[in-house]
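The next block holds one structure in the form of structure tokens; read it before the comments.
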Amino acid sequence: MLYLAWAYLIIAGIMEPCWVIGMKFSEGFKRAGWTVATLVFICTSMYFLAMAIDMDIPVGTAYAIWTGIGAVGTLVAGILLFKERTTWVRILFITLIVIGIAGVQMTSGV
């Protein structure tokens with residue numbers, strides 16, 4: 001059952017950059033299709049986060065991993081989709097976020 005909880009948490013994390021990118025494409029919620037997509041991604045992300053927490057992943061661990069996946073995913077999506085600046089220093093800090101996420105998971109006791 002714990003594997004399912006982690007799968008739910010990963011799905012929730014992947015939905016994070018989806019709704020952030022959807023917000024960008026919605027142009028301040030002026031484009032109806034992207035606005036609806038953004039809301040669907042937000043609700044999906046919250047649902048799977050809630051399911052993961054309900055399945056005994058500690059709430060602090062779940063939240064840290066969820067936001068970490070979202071932050072890294074959004075940074076990478078910004079680089080790939082919107083040609084945001086990529087520097088070695090920026091990549092270093094993204095790597096530190098990933099290391100932090102792994103550290104939180106490894107010390108969570110689950």
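Identifiers for the structure tokens are assigned positionally: chains receive A, B, ... in sequence, residues are indexed from 1 per chain, and ligands are indexed from 1 in the order shown.
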
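Excluding Ser45 (chain A) and any residue on its chain fewer than 4 positions from it, the residues at most 9 Å away by only C-alpha atoms are Leu9, Ile11, Ala12, Gly13, Ile14, Met15, Glu16, Trp19, Val40, Phe41, Leu49, Ala50 and Trp66 of chain A.
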
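The list of residues with at least one atom within 10 Å of Val20 (chain A), based on only C-alpha atoms and without residues fewer than 6 positions apart in the same chain, reads Ser26, Thr38, Phe41, Ile42, Gly70, Ala71, Gly73, Thr74, Ala77 and Gly78 of chain A.
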
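Considering the residues A:Ile65, A:Phe82, A:Val76, A:Phe93 and counting only C-alpha atoms, Met106 (chain A) has its shortest atom-to-atom contact with A:Ile65.
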
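Atom pair CA of Leu4 (chain A) / CA of Met51 (chain A) has a distance of 9.4 Å (rounded to one decimal).
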
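Near Ala102 (chain A), within a cut-off of 12 Å and counting only C-alpha atoms, sit the residues Thr61, Ala62, Ala64, Ile65, Trp66, Gly68, Ile69, Thr95, Leu96, Ile97, Val98, Ile99, Gln105, Met106, Thr107 and Ser108 of chain A, with same-chain residues fewer than 3 positions away left out.
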
Quick one: write out the picked residues with C-alpha atoms as a short mmCIF file (atom, residue, chain, number, x, y, z; two decimals), in the first residue's frame?
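Result file follows (out_23.cif):
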```
data_model
loop_
_atom_site.label_atom_id
_atom_site.label_comp_id
_atom_site.auth_asym_id
_atom_site.auth_seq_id
_atom_site.Cartn_x
_atom_site.Cartn_y
_atom_site.Cartn_z
CA THR A 61 7.50 14.69 4.02
CA ALA A 62 4.65 14.62 1.51
CA ALA A 64 8.25 18.82 0.93
CA ILE A 65 8.42 16.25 -1.85
CA TRP A 66 5.28 17.58 -3.57
CA GLY A 68 10.05 20.02 -4.57
CA ILE A 69 8.85 18.05 -7.57
CA THR A 95 20.40 19.90 -8.21
CA LEU A 96 20.49 20.98 -4.57
CA ILE A 97 16.68 20.96 -4.51
CA VAL A 98 16.69 17.39 -5.85
CA ILE A 99 19.25 16.37 -3.23
CA GLN A 105 12.51 11.07 1.75
CA MET A 106 15.43 9.04 3.04
CA THR A 107 15.07 10.41 6.56
CA SER A 108 11.28 10.21 6.75
#
```

Problem - Residues flagged helix (DSSP H, G or I) by DSSP in chain A, as a ChimeraX atom specification - result: /A:2-26,32-54,59-82,88-106

Handout entry: Contacts of Thr35 (chain A) within 8 Å, only C-alpha atoms, excl. fewer than 3 positions in-chain, as an NGL selection string
Key = :A and (22-23 or 26 or 29-32 or 38-39)

Selection to disk with C-alpha atoms, as a JSON list (two decimals), in the first residue's frame:
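The file below, selection-v1.json, is the result:
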```json
[["chain", "number", "residue", "atom", "x", "y", "z"],
["A", 22, "GLY", "CA", -1.35, 26.20, -17.58],
["A", 23, "MET", "CA", -1.55, 29.48, -15.66],
["A", 26, "SER", "CA", -4.06, 31.12, -19.63],
["A", 29, "PHE", "CA", -7.10, 33.44, -16.72],
["A", 30, "LYS", "CA", -8.24, 35.24, -19.88],
["A", 31, "ARG", "CA", -8.12, 32.11, -22.06],
["A", 32, "ALA", "CA", -10.95, 29.82, -21.01],
["A", 38, "THR", "CA", -5.23, 24.81, -14.92],
["A", 39, "LEU", "CA", -8.11, 24.17, -12.53]]
```

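Those residues that approach Ala5 (chain A) to within 9 Å, counting only C-alpha atoms, are A:Met1, A:Leu9, A:Ile10, A:Phe48, A:Leu49, A:Met51, A:Ala52, A:Ile53, A:Asp54, A:Met55, A:Asp56, A:Ile57; same-chain residues fewer than 4 positions away are not listed.
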
Based on the selection just made, write N, CA and C atoms of those residues as a short mmCIF file (atom, residue, chain, number, x, y, z; two decimals), in the first residue's frame.
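Wrote part05.cif, looks like this:
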```cif
data_model
loop_
_atom_site.label_atom_id
_atom_site.label_comp_id
_atom_site.auth_asym_id
_atom_site.auth_seq_id
_atom_site.Cartn_x
_atom_site.Cartn_y
_atom_site.Cartn_z
N MET A 1 0.82 -1.21 0.00
CA MET A 1 0.00 0.00 0.00
C MET A 1 0.86 1.27 0.00
N LEU A 9 1.83 10.39 -4.64
CA LEU A 9 2.60 11.60 -4.35
C LEU A 9 3.37 12.07 -5.58
N ILE A 10 3.92 11.15 -6.33
CA ILE A 10 4.64 11.51 -7.56
C ILE A 10 3.68 12.10 -8.59
N PHE A 48 -4.44 13.90 -5.36
CA PHE A 48 -3.42 12.87 -5.17
C PHE A 48 -2.53 13.15 -3.97
N LEU A 49 -2.29 14.42 -3.66
CA LEU A 49 -1.56 14.76 -2.44
C LEU A 49 -2.34 14.30 -1.22
N MET A 51 -4.56 11.94 -1.06
CA MET A 51 -4.57 10.48 -1.00
C MET A 51 -3.24 9.95 -0.45
N ALA A 52 -2.14 10.54 -0.86
CA ALA A 52 -0.82 10.10 -0.37
C ALA A 52 -0.70 10.32 1.13
N ILE A 53 -1.16 11.48 1.60
CA ILE A 53 -1.11 11.78 3.03
C ILE A 53 -2.03 10.83 3.80
N ASP A 54 -3.18 10.55 3.25
CA ASP A 54 -4.14 9.64 3.89
C ASP A 54 -3.59 8.22 3.99
N MET A 55 -2.65 7.88 3.10
CA MET A 55 -2.07 6.53 3.09
C MET A 55 -0.79 6.46 3.92
N ASP A 56 -0.64 7.35 4.85
CA ASP A 56 0.41 7.31 5.87
C ASP A 56 1.78 7.81 5.48
N ILE A 57 1.90 8.58 4.40
CA ILE A 57 3.15 9.32 4.20
C ILE A 57 3.05 10.53 5.13
#
```

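The closest residue to Ile21 (chain A), picked from A:Ile79, A:Ala7, A:Met46, A:Val59 and counting only C-alpha atoms, is A:Ile79.
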
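The two atoms in question, CA of Gly28 (chain A) and CA of Leu75 (chain A), are spaced 19.4 Å apart.
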